[in-house]
>>> print(open('my_file.txt').read())   # compact mmCIF, C-alpha atoms
# COMPACT_ATOMS: atom_id res chain seq x y z
CA MET A 1 31.21 20.92 -55.63
CA ARG A 2 29.37 21.22 -52.36
CA PHE A 3 30.58 20.57 -48.82
CA GLY A 4 28.36 20.15 -45.77
CA VAL A 5 29.53 21.08 -42.28
CA VAL A 6 27.62 19.20 -39.58
CA VAL A 7 26.82 21.26 -36.50
CA PHE A 8 26.33 19.46 -33.17
CA PRO A 9 25.53 21.25 -29.94
CA GLY A 10 29.02 22.12 -28.74
CA SER A 11 30.77 22.10 -32.14
CA ASN A 12 33.11 25.08 -32.23
CA CYS A 13 35.16 24.68 -35.39
CA ASP A 14 32.12 24.64 -37.68
CA ASP A 15 32.53 28.29 -38.70
CA ASP A 16 36.24 27.82 -39.38
CA CYS A 17 35.57 24.87 -41.70
CA TYR A 18 32.77 26.76 -43.44
CA TYR A 19 35.00 29.79 -43.91
CA VAL A 20 37.93 27.81 -45.29
CA VAL A 21 35.77 25.93 -47.80
CA ARG A 22 33.93 29.05 -48.99
CA ASP A 23 36.50 31.83 -48.77
CA VAL A 24 39.85 30.09 -49.02
CA VAL A 25 39.14 27.09 -51.23
CA GLY A 26 36.22 28.76 -53.04
CA GLU A 27 33.63 25.98 -53.06
CA GLU A 28 29.99 25.80 -52.05
CA VAL A 29 29.23 24.92 -48.46
CA ASP A 30 26.24 24.62 -46.14
CA PHE A 31 25.76 23.95 -42.47
CA ILE A 32 23.80 20.81 -41.53
CA TRP A 33 22.09 20.91 -38.12
CA HIS A 34 22.48 17.64 -36.22
CA LYS A 35 18.68 17.19 -36.01
CA GLU A 36 18.42 16.76 -39.78
CA ARG A 37 17.34 13.28 -40.77
CA ARG A 38 18.40 13.55 -44.40
CA VAL A 39 21.50 14.89 -46.08
CA GLU A 40 20.96 15.88 -49.68
CA GLY A 41 23.13 17.27 -52.42
CA PHE A 42 26.56 17.07 -50.79
CA ASP A 43 29.81 15.73 -52.18
CA CYS A 44 31.70 15.80 -48.91
CA LEU A 45 30.62 16.09 -45.27
CA ILE A 46 32.80 17.56 -42.56
CA LEU A 47 32.28 16.74 -38.87
CA PRO A 48 34.09 19.64 -37.23
CA GLY A 49 35.98 19.92 -33.97
CA GLY A 50 34.56 21.07 -30.67
CA PHE A 51 33.02 19.54 -27.59
CA SER A 52 29.77 18.00 -28.76
CA TYR A 53 27.45 17.44 -25.79
CA GLY A 54 30.19 18.77 -23.52
CA ASP A 55 32.22 15.58 -24.09
CA TYR A 56 30.01 14.02 -21.39
CA LEU A 57 30.45 10.30 -20.77
CA ARG A 58 33.07 9.94 -23.56
CA THR A 59 34.04 12.22 -26.43
CA GLY A 60 31.61 11.72 -29.31
CA ALA A 61 29.57 9.09 -27.43
CA ILE A 62 26.36 11.10 -27.31
CA ALA A 63 26.71 12.94 -30.64
CA ARG A 64 26.87 9.53 -32.24
CA PHE A 65 23.13 9.20 -31.56
CA SER A 66 22.19 12.55 -33.10
CA PRO A 67 19.50 12.09 -35.77
CA VAL A 68 21.85 13.16 -38.58
CA MET A 69 24.28 10.32 -37.85
CA LYS A 70 22.04 7.69 -39.44
CA ALA A 71 22.01 9.63 -42.70
CA ILE A 72 25.77 10.19 -42.45
CA GLY A 73 26.24 6.45 -41.89
CA SER A 74 24.31 5.63 -45.03
CA PHE A 75 26.09 8.41 -46.99
CA ALA A 76 29.43 6.92 -45.92
CA ARG A 77 28.45 3.34 -46.70
CA ARG A 78 27.47 4.41 -50.20
CA GLY A 79 30.93 5.86 -50.74
CA GLY A 80 30.28 9.49 -49.83
CA LEU A 81 33.32 11.44 -48.60
CA VAL A 82 33.35 12.19 -44.88
CA ILE A 83 36.04 14.03 -42.89
CA GLY A 84 36.00 14.03 -39.10
CA ILE A 85 38.33 16.57 -37.53
CA CYS A 86 39.25 16.25 -33.84
CA ASN A 87 35.87 15.86 -32.10
CA GLY A 88 34.50 14.86 -35.51
CA PHE A 89 37.10 12.04 -35.58
CA GLN A 90 36.00 11.00 -32.08
CA ILE A 91 32.36 10.90 -33.22
CA LEU A 92 33.27 8.73 -36.24
CA LEU A 93 35.09 6.30 -33.91
CA GLU A 94 32.14 6.09 -31.54
CA SER A 95 29.86 5.57 -34.56
CA ASN A 96 31.97 2.63 -35.76
CA LEU A 97 32.49 4.40 -39.07
CA LEU A 98 36.19 4.23 -38.18
CA PRO A 99 37.93 1.56 -36.07
CA GLY A 100 39.59 2.13 -32.69
CA ALA A 101 39.01 4.55 -29.83
CA MET A 102 40.36 7.75 -28.30
CA MET A 103 41.84 7.93 -24.82
CA LYS A 104 43.17 10.73 -22.62
CA ASN A 105 46.51 12.15 -23.73
CA ARG A 106 49.52 10.47 -22.15
CA SER A 107 50.32 13.74 -20.36
CA LEU A 108 46.71 14.17 -19.18
CA ARG A 109 47.01 17.75 -20.45
CA PHE A 110 45.04 19.62 -23.06
CA ILE A 111 47.57 20.15 -25.86
CA CYS A 112 47.17 23.12 -28.18
CA LYS A 113 50.17 23.53 -30.47
CA PHE A 114 51.50 22.92 -33.96
CA ALA A 115 52.23 19.29 -34.76
CA ASN A 116 54.03 17.80 -37.72
CA ILE A 117 52.27 14.99 -39.47
CA ARG A 118 53.57 12.79 -42.25
CA VAL A 119 51.44 11.68 -45.17
CA GLU A 120 51.51 7.87 -45.19
CA ASN A 121 49.07 7.25 -48.02
CA ASN A 122 48.33 9.59 -50.89
CA LEU A 123 45.91 7.31 -52.70
CA THR A 124 42.95 8.70 -50.76
CA PRO A 125 40.57 11.46 -51.87
CA PHE A 126 41.86 13.54 -48.92
CA THR A 127 45.56 13.33 -49.73
CA SER A 128 45.55 12.98 -53.51
CA LEU A 129 47.57 16.21 -53.95
CA CYS A 130 50.20 15.17 -51.38
CA GLN A 131 53.44 13.26 -51.74
CA ILE A 132 54.07 10.18 -49.62
CA GLY A 133 56.32 11.26 -46.74
CA GLN A 134 55.35 14.91 -47.11
CA VAL A 135 55.35 16.65 -43.72
CA LEU A 136 52.45 18.97 -42.92
CA LYS A 137 52.52 21.48 -40.08
CA ILE A 138 48.99 21.55 -38.63
CA PRO A 139 47.86 22.44 -35.11
CA ILE A 140 46.29 20.02 -32.66
CA ALA A 141 43.98 21.05 -29.79
CA HIS A 142 42.69 18.20 -27.65
CA ILE A 143 42.89 16.29 -24.38
CA ASP A 144 41.41 13.01 -25.67
CA GLY A 145 43.60 12.40 -28.68
CA ARG A 146 45.59 9.31 -27.81
CA TYR A 147 44.50 6.91 -30.51
CA TYR A 148 44.16 3.32 -29.39
CA ALA A 149 43.46 0.15 -31.32
CA ASP A 150 44.06 -3.44 -30.32
CA HIS A 151 46.36 -5.81 -32.14
CA GLU A 152 43.72 -7.02 -34.56
CA ILE A 153 42.52 -3.54 -35.56
CA MET A 154 46.12 -2.40 -36.00
CA ARG A 155 46.83 -5.31 -38.31
CA GLY A 156 43.80 -4.39 -40.40
CA LEU A 157 44.82 -0.73 -40.56
CA LYS A 158 48.29 -1.65 -41.79
CA GLU A 159 47.18 -4.32 -44.24
CA ASN A 160 44.68 -2.01 -45.89
CA ASN A 161 46.90 1.06 -45.82
CA GLN A 162 44.41 2.91 -43.63
CA ILE A 163 46.97 4.90 -41.66
CA ILE A 164 46.88 8.23 -43.48
CA PHE A 165 48.84 10.57 -41.16
CA ARG A 166 51.47 9.91 -38.49
CA TYR A 167 52.91 12.39 -36.00
CA CYS A 168 56.56 13.03 -36.81
CA SER A 169 59.42 15.47 -36.37
CA GLU A 170 59.96 18.44 -38.69
CA ASP A 171 62.11 16.16 -40.84
CA GLY A 172 59.54 13.42 -40.97
CA GLU A 173 61.20 11.15 -38.40
CA LEU A 174 59.06 9.12 -36.05
CA SER A 175 60.07 9.44 -32.41
CA GLN A 176 58.30 9.45 -29.06
CA GLU A 177 59.20 13.16 -28.68
CA SER A 178 57.24 13.97 -31.81
CA ASN A 179 54.22 11.95 -30.68
CA PRO A 180 52.39 14.66 -28.74
CA ASN A 181 49.69 12.55 -27.11
CA GLY A 182 51.08 9.01 -27.03
CA SER A 183 48.94 7.70 -29.89
CA LYS A 184 49.43 4.10 -30.90
CA ASP A 185 51.97 3.82 -33.70
CA PHE A 186 52.11 7.66 -33.99
CA ILE A 187 48.65 7.69 -35.57
CA ALA A 188 47.25 11.15 -36.29
CA GLY A 189 44.71 10.17 -38.95
CA ILE A 190 43.13 7.02 -40.37
CA SER A 191 40.59 6.12 -43.01
CA ASN A 192 37.99 3.41 -43.20
CA ARG A 193 38.67 0.32 -45.25
CA SER A 194 37.22 1.71 -48.46
CA GLY A 195 39.06 4.99 -48.04
CA ASN A 196 36.11 7.39 -48.24
CA VAL A 197 35.96 8.27 -44.54
CA LEU A 198 38.87 10.12 -42.91
CA GLY A 199 39.39 10.97 -39.26
CA LEU A 200 42.26 13.14 -38.05
CA MET A 201 43.07 14.90 -34.80
CA PRO A 202 45.00 17.90 -36.27
CA HIS A 203 42.91 20.83 -37.51
CA PRO A 204 43.61 21.49 -41.22
CA GLU A 205 41.09 24.35 -41.19
CA ARG A 206 43.30 26.18 -38.70
CA ALA A 207 46.27 26.03 -41.04
CA SER A 208 44.89 27.03 -44.40
CA GLU A 209 46.18 30.60 -44.80
CA SER A 210 49.66 32.10 -44.55
CA ILE A 211 48.47 34.62 -41.95
CA LEU A 212 48.00 31.64 -39.61
CA SER A 213 51.69 30.72 -40.09
CA SER A 214 50.89 27.52 -41.97
CA GLU A 215 48.87 26.78 -45.08
CA ASP A 216 49.64 23.08 -45.01
CA GLY A 217 46.12 22.07 -44.01
CA ARG A 218 44.52 23.45 -47.14
CA VAL A 219 45.78 20.53 -49.20
CA VAL A 220 43.26 18.24 -47.48
CA PHE A 221 40.32 20.31 -48.75
CA GLU A 222 41.95 20.87 -52.14
CA SER A 223 42.59 17.16 -52.56
CA VAL A 224 38.89 16.50 -52.01
CA VAL A 225 37.93 19.18 -54.56
CA SER A 226 40.39 17.80 -57.09
CA THR A 227 39.16 14.23 -56.56
CA VAL A 228 35.49 15.11 -56.88
CA LYS A 229 36.06 17.29 -59.95
CA ARG A 230 38.18 14.65 -61.63
CA SER A 231 35.62 11.92 -61.11
CA PRO A 232 32.23 13.48 -60.68
CA ARG A 233 30.70 10.05 -60.47
CA ARG A 234 32.12 9.89 -57.00
CA SER A 235 29.76 12.63 -56.11
CA LEU A 236 26.70 11.41 -54.24
CA ARG A 237 24.45 14.31 -54.92
CA ASN A 238 21.42 12.14 -54.56
CA ASP A 239 19.48 11.99 -51.39
CA CYS A 240 20.74 9.87 -48.53
CA PRO A 241 17.81 8.84 -46.38
CA PRO A 242 18.42 7.78 -42.82
CA SER A 243 19.52 4.19 -42.55
CA GLU A 244 18.33 1.86 -39.84
CA GLU A 245 21.64 0.02 -39.83
CA ILE A 246 23.89 0.82 -36.95
CA CYS A 247 26.36 3.51 -37.86
CA MET B 248 -7.95 11.46 -21.26
CA THR B 249 -8.60 13.18 -17.95
CA GLN B 250 -5.82 13.65 -15.44
CA ARG B 251 -7.48 11.10 -13.17
CA ALA B 252 -7.79 8.48 -15.90
CA LYS B 253 -4.16 9.06 -16.81
CA ARG B 254 -3.09 8.56 -13.22
CA ARG B 255 -5.13 5.35 -12.98
CA ARG B 256 -3.52 4.05 -16.18
CA ASP B 257 -0.05 4.91 -14.91
CA GLU B 258 -0.76 3.17 -11.62
CA ARG B 259 -1.92 0.06 -13.46
CA THR B 260 1.25 -0.22 -15.54
CA HIS B 261 3.39 0.42 -12.52
CA ASP B 262 1.66 -2.38 -10.66
CA THR B 263 3.33 -4.97 -12.83
CA GLU B 264 6.71 -3.23 -12.77
CA ARG B 265 9.12 -2.95 -9.88
CA LEU B 266 11.81 -0.42 -9.11
CA PHE B 267 15.47 -1.34 -9.31
CA ARG B 268 18.66 0.51 -8.66
CA ALA B 269 21.73 -0.35 -10.62
CA LYS B 270 25.35 0.57 -10.08
CA VAL B 271 27.59 0.34 -13.13
CA TYR B 272 31.37 0.35 -12.80
CA VAL B 273 33.28 1.14 -15.99
CA SER B 274 37.03 0.69 -16.16
CA LEU B 275 39.75 0.45 -18.75
CA LYS B 276 40.47 -3.00 -20.11
CA LYS B 277 43.37 -4.93 -18.68
CA GLY B 278 46.72 -3.94 -20.12
CA LEU B 279 45.66 -0.51 -21.37
CA ALA B 280 47.82 2.39 -20.21
CA ASP B 281 45.92 4.39 -17.61
CA PRO B 282 47.76 7.68 -16.99
CA GLN B 283 45.08 8.83 -14.54
CA GLY B 284 45.48 5.68 -12.45
CA SER B 285 49.30 6.01 -12.51
CA THR B 286 49.12 9.66 -11.47
CA ILE B 287 46.80 8.84 -8.57
CA LYS B 288 49.12 6.02 -7.50
CA GLU B 289 52.12 8.37 -7.53
CA ALA B 290 50.17 10.95 -5.52
CA LEU B 291 49.22 8.35 -2.92
CA GLU B 292 52.82 7.15 -2.77
CA SER B 293 54.00 10.70 -2.20
CA LEU B 294 51.61 10.77 0.79
CA GLY B 295 53.49 7.83 2.21
CA TYR B 296 51.35 4.93 1.03
CA GLY B 297 54.18 2.80 -0.23
CA ASN B 298 52.23 -0.43 -0.13
CA LEU B 299 50.17 0.15 -3.25
CA THR B 300 50.48 -2.44 -5.96
CA ARG B 301 48.10 -0.92 -8.48
CA VAL B 302 45.60 1.92 -9.05
CA ARG B 303 43.16 1.96 -11.93
CA PHE B 304 40.82 4.85 -12.58
CA GLY B 305 37.23 4.29 -13.72
CA LYS B 306 33.69 5.62 -13.82
CA TYR B 307 30.69 4.92 -11.68
CA ILE B 308 27.14 5.38 -12.96
CA GLU B 309 24.01 4.99 -10.85
CA LEU B 310 20.64 4.32 -12.47
CA GLY B 311 17.11 3.84 -11.27
CA LEU B 312 14.87 1.83 -13.56
CA ARG B 313 11.52 0.09 -13.71
CA ALA B 314 11.24 -3.48 -14.91
CA LYS B 315 8.98 -6.49 -14.58
CA GLY B 316 11.67 -8.39 -12.70
CA ARG B 317 15.37 -8.62 -12.00
CA GLY B 318 16.06 -10.53 -15.21
CA ALA B 319 14.34 -7.89 -17.35
CA ALA B 320 16.15 -5.10 -15.49
CA GLU B 321 19.47 -6.82 -16.05
CA GLU B 322 18.77 -7.31 -19.71
CA LYS B 323 17.92 -3.62 -20.16
CA LEU B 324 21.01 -2.60 -18.25
CA LYS B 325 23.30 -4.73 -20.40
CA GLU B 326 21.71 -3.25 -23.50
CA MET B 327 22.36 0.28 -22.22
CA CYS B 328 25.99 -0.59 -21.47
CA GLY B 329 26.48 -2.03 -24.94
CA LYS B 330 24.86 0.88 -26.72
CA LEU B 331 26.11 3.90 -24.85
CA LEU B 332 27.60 3.61 -21.38
CA VAL B 333 30.66 1.55 -22.31
CA ASN B 334 33.04 1.67 -25.27
CA PRO B 335 33.97 -2.00 -25.74
CA VAL B 336 37.16 -1.10 -27.63
CA ILE B 337 38.81 0.22 -24.46
CA GLU B 338 36.46 -0.38 -21.55
CA LYS B 339 34.96 -3.23 -19.53
CA TYR B 340 32.20 -3.05 -16.97
CA SER B 341 30.58 -4.76 -14.06
CA TYR B 342 27.33 -3.97 -12.32
CA HIS B 343 25.37 -4.51 -9.21
CA ILE B 344 21.59 -4.47 -9.31
CA GLU B 345 19.11 -4.55 -6.45
CA GLU B 346 15.46 -3.88 -5.90
CA GLY B 347 14.54 -0.48 -4.53
CA ARG B 348 14.66 3.21 -5.27
CA VAL B 349 17.80 5.17 -6.00
CA ARG B 350 18.44 7.14 -2.83
>>> encode(input="my_file.txt", output="structure tokens")
Amino acid sequence: MRFGVVVFPGSNCDDDCYYVVRDVVGEEVDFIWHKERRVEGFDCLILPGGFSYGDYLRTGAIARFSPVMKAIGSFARRGGLVIGICNGFQILLESNLLPGAMMKNRSLRFICKFANIRVENNLTPFTSLCQIGQVLKIPIAHIDGRYYADHEIMRGLKENNQIIFRYCSEDGELSQESNPNGSKDFIAGISNRSGNVLGLMPHPERASESILSSEDGRVVFESVVSTVKRSPRRSLRNDCPPSEEIC
Amino acid sequence: MTQRAKRRRDERTHDTERLFRAKVYVSLKKGLADPQGSTIKEALESLGYGNLTRVRFGKYIELGLRAKGRGAAEEKLKEMCGKLLVNPVIEKYSYHIEEGRVR
């Protein structure tokens, strides 16, 4: 299968994602420059972490208007798999491909440390190899990671089982101490309603080899590979032209 | 088109348009936790300003734009706020618009 890693000006985890997919997971991967108007021949797109457009105005607010985002919007609406990691998650929120918004961390500090996250839903292409309640140790690195959604959005997320990861303690308990940034309802990762778009603040690509003291993140990439290989029809290898609909 | 013709064309289009300056104030919606505002309030209190009831932190954006009239300028401004300047999930905005150049 083939992954695409989207590169915005200011992305800085693009190489890490590329490396993990190619050298650790052993699948095909290509970079996609943000000026591209078409995305062709990919099974899964990754929007990597970083500081696209310097995080000016709001995180992800300007990247959302990059030419490639129209094609990504149409890829996603047709069921294509999309993962937004950290800044990639923020871009997906600004693009309305995922609901809610990101705010400054409760502490107002940039937090760079390992976090524990609990798998809340394993019926997604991104968590299919996980157990419900499984705790993954994956680092976070952000200052705008406090997920916020109003009452109505929260109800939708819960009703449709769209909360995929929650910050927790090592034992999987939810407590304010284990919520590093003050996210609403401990949210670390959510999906869209149809489950083919995932956004998460922790960086699975930074925890995919034992030398990095955790390999827990690899399961996200491996779940995608397993899903696509099990049901190749999911694959959207055909061309996704830019869509005029709002993303 | 020669430089002169270009200038004449530009002048013609500008004749029908006027200059406006707009000030956009973006702030967090009511009820949303604002750690920056709380930190500023605490800092002010530590300087002895005990009479503060509330501090909210926001953004200020200044724009200069050309439009046929105030109504058209306002319409454009609202469009810009909706598309890019403001995230309606967490933010609200107000604006002030007047004729003239941005100084």
>>> interface_residues(input="my_file.txt", of="chain B", to="chain A", cutoff="8 Å", atoms="all atoms listed in the file", output="mmCIF file with C-alpha atoms, in the frame of the given file")
data_model
loop_
_atom_site.group_PDB
_atom_site.id
_atom_site.type_symbol
_atom_site.label_atom_id
_atom_site.label_comp_id
_atom_site.auth_asym_id
_atom_site.auth_seq_id
_atom_site.Cartn_x
_atom_site.Cartn_y
_atom_site.Cartn_z
ATOM 1 C CA PRO B 282 47.760 7.680 -16.990
ATOM 2 C CA GLN B 283 45.080 8.830 -14.540
ATOM 3 C CA LEU B 331 26.110 3.900 -24.850
ATOM 4 C CA LEU B 332 27.600 3.610 -21.380
ATOM 5 C CA ASN B 334 33.040 1.670 -25.270
ATOM 6 C CA VAL B 336 37.160 -1.100 -27.630
ATOM 7 C CA ILE B 337 38.810 0.220 -24.460
#
>>> residues_near_point(input="my_file.txt", point="(24.9, -4.6, -21.5)", cutoff="12 Å", atoms="all atoms listed in the file", output="list in words")
Val271, Tyr272, Val273, Ala319, Ala320, Glu321, Glu322, Lys323, Leu324, Lys325, Glu326, Met327, Cys328, Gly329, Lys330, Leu331, Leu332, Val333, Asn334, Pro335, Lys339, Tyr340, Ser341 and Tyr342 of chain B
>>> residues_around(input="my_file.txt", residues="Gly347 of chain B", least_positions_apart="2", cutoff="7 Å", atoms="only C-alpha atoms", output="ChimeraX atom specification")
/B:266-268,345,349
>>> atom_distance(input="my_file.txt", atom1="atom CA of Ser274 of chain B", atom2="atom CA of Gly316 of chain B")
27.2 Å
>>> atom_distance(input="my_file.txt", atom1="atom CA of Val220 of chain A", atom2="atom CA of Ile164 of chain A")
11.4 Å
>>> atom_distance(input="my_file.txt", atom1="atom CA of Ser226 of chain A", atom2="atom CA of Gly199 of chain A")
19.1 Å
>>> residues_around(input="my_file.txt", residues="Cys112 of chain A", least_positions_apart="5", cutoff="8 Å", atoms="all atoms listed in the file", output="list in words")
Pro139, Ile140, Ala141 and His142 of chain A
>>> residues_around(input="my_file.txt", residues="segment 3-9 of chain A", least_positions_apart="6", cutoff="6 Å", atoms="all atoms listed in the file", output="ChimeraX atom specification")
/A:29-34,42-47,52-53
>>> closest_residue(input="my_file.txt", among="A:Val20, A:Leu123, A:Ile111, A:Leu157", to="Ile187 of chain A", atoms="only C-alpha atoms")
A:Leu157
>>> decode(input="my_file.txt", residues="segment 252-344 of chain B", atoms="C-alpha atoms", output="CSV table (one decimal), in the first residue's frame")
chain,number,residue,atom,x,y,z
B,252,ALA,CA,-2.4,53.3,-20.1
B,253,LYS,CA,-2.2,51.0,-17.1
B,254,ARG,CA,-2.0,53.9,-14.7
B,255,ARG,CA,-5.0,55.6,-16.4
B,256,ARG,CA,-7.0,52.3,-16.1
B,257,ASP,CA,-6.0,52.0,-12.4
B,258,GLU,CA,-7.0,55.6,-11.7
B,259,ARG,CA,-10.4,55.0,-13.4
B,260,THR,CA,-11.2,52.0,-11.2
B,261,HIS,CA,-10.0,53.7,-8.1
B,262,ASP,CA,-12.3,56.6,-8.9
B,263,THR,CA,-15.4,54.6,-8.1
B,264,GLU,CA,-13.8,53.0,-5.0
B,265,ARG,CA,-13.0,54.6,-1.7
B,266,LEU,CA,-10.5,53.7,1.0
B,267,PHE,CA,-11.6,52.3,4.3
B,268,ARG,CA,-9.8,51.3,7.4
B,269,ALA,CA,-11.2,48.5,9.5
B,270,LYS,CA,-10.3,47.4,13.1
B,271,VAL,CA,-11.2,43.8,13.9
B,272,TYR,CA,-11.3,42.7,17.6
B,273,VAL,CA,-11.3,38.9,18.1
B,274,SER,CA,-11.9,37.4,21.5
B,275,LEU,CA,-12.8,34.1,23.0
B,276,LYS,CA,-16.5,33.3,23.3
B,277,LYS,CA,-18.2,33.8,26.6
B,278,GLY,CA,-17.7,31.0,29.1
B,279,LEU,CA,-14.5,29.6,27.5
B,280,ALA,CA,-11.5,29.2,29.8
B,281,ASP,CA,-9.0,31.9,28.9
B,282,PRO,CA,-5.7,31.1,30.7
B,283,GLN,CA,-4.0,34.1,29.2
B,284,GLY,CA,-6.6,36.4,30.5
B,285,SER,CA,-6.5,34.8,33.9
B,286,THR,CA,-2.7,35.1,34.0
B,287,ILE,CA,-2.8,38.8,33.0
B,288,LYS,CA,-5.4,39.4,35.7
B,289,GLU,CA,-3.3,37.8,38.4
B,290,ALA,CA,-0.2,39.8,37.2
B,291,LEU,CA,-2.2,43.0,37.5
B,292,GLU,CA,-3.5,42.0,40.9
B,293,SER,CA,0.0,41.3,42.1
B,294,LEU,CA,0.8,44.9,41.0
B,295,GLY,CA,-1.8,46.1,43.4
B,296,TYR,CA,-4.8,46.5,41.1
B,297,GLY,CA,-7.3,44.7,43.3
B,298,ASN,CA,-10.3,46.2,41.7
B,299,LEU,CA,-10.3,44.0,38.6
B,300,THR,CA,-13.4,42.0,37.9
B,301,ARG,CA,-12.4,40.4,34.7
B,302,VAL,CA,-9.6,40.2,32.1
B,303,ARG,CA,-10.1,38.6,28.7
B,304,PHE,CA,-7.3,38.3,26.2
B,305,GLY,CA,-7.9,38.8,22.4
B,306,LYS,CA,-6.5,39.8,19.1
B,307,TYR,CA,-6.6,43.0,17.2
B,308,ILE,CA,-6.3,43.1,13.4
B,309,GLU,CA,-6.1,46.3,11.3
B,310,LEU,CA,-6.9,46.3,7.6
B,311,GLY,CA,-7.0,48.8,4.9
B,312,LEU,CA,-9.4,48.1,2.0
B,313,ARG,CA,-10.9,49.6,-1.1
B,314,ALA,CA,-14.7,49.3,-1.6
B,315,LYS,CA,-17.5,51.1,-3.5
B,316,GLY,CA,-19.0,52.2,-0.2
B,317,ARG,CA,-19.3,51.4,3.5
B,318,GLY,CA,-21.8,48.7,3.0
B,319,ALA,CA,-19.6,46.9,0.5
B,320,ALA,CA,-16.6,47.3,2.7
B,321,GLU,CA,-18.5,45.8,5.6
B,322,GLU,CA,-19.7,42.9,3.6
B,323,LYS,CA,-16.2,42.1,2.5
B,324,LEU,CA,-14.9,42.4,6.0
B,325,LYS,CA,-17.5,40.0,7.4
B,326,GLU,CA,-16.6,37.5,4.7
B,327,MET,CA,-13.0,37.7,5.6
B,328,CYS,CA,-13.8,37.1,9.3
B,329,GLY,CA,-15.9,34.1,8.5
B,330,LYS,CA,-13.4,32.6,6.2
B,331,LEU,CA,-10.1,33.1,7.9
B,332,LEU,CA,-9.7,35.7,10.6
B,333,VAL,CA,-12.1,34.1,13.2
B,334,ASN,CA,-12.7,30.5,14.2
B,335,PRO,CA,-16.4,30.5,15.1
B,336,VAL,CA,-16.0,27.4,17.2
B,337,ILE,CA,-14.1,29.3,19.9
B,338,GLU,CA,-14.0,33.0,18.9
B,339,LYS,CA,-16.4,36.0,18.4
B,340,TYR,CA,-15.5,39.3,16.9
B,341,SER,CA,-16.5,42.9,16.6
B,342,TYR,CA,-15.3,45.5,14.2
B,343,HIS,CA,-15.1,49.2,13.6
B,344,ILE,CA,-14.9,50.6,10.1
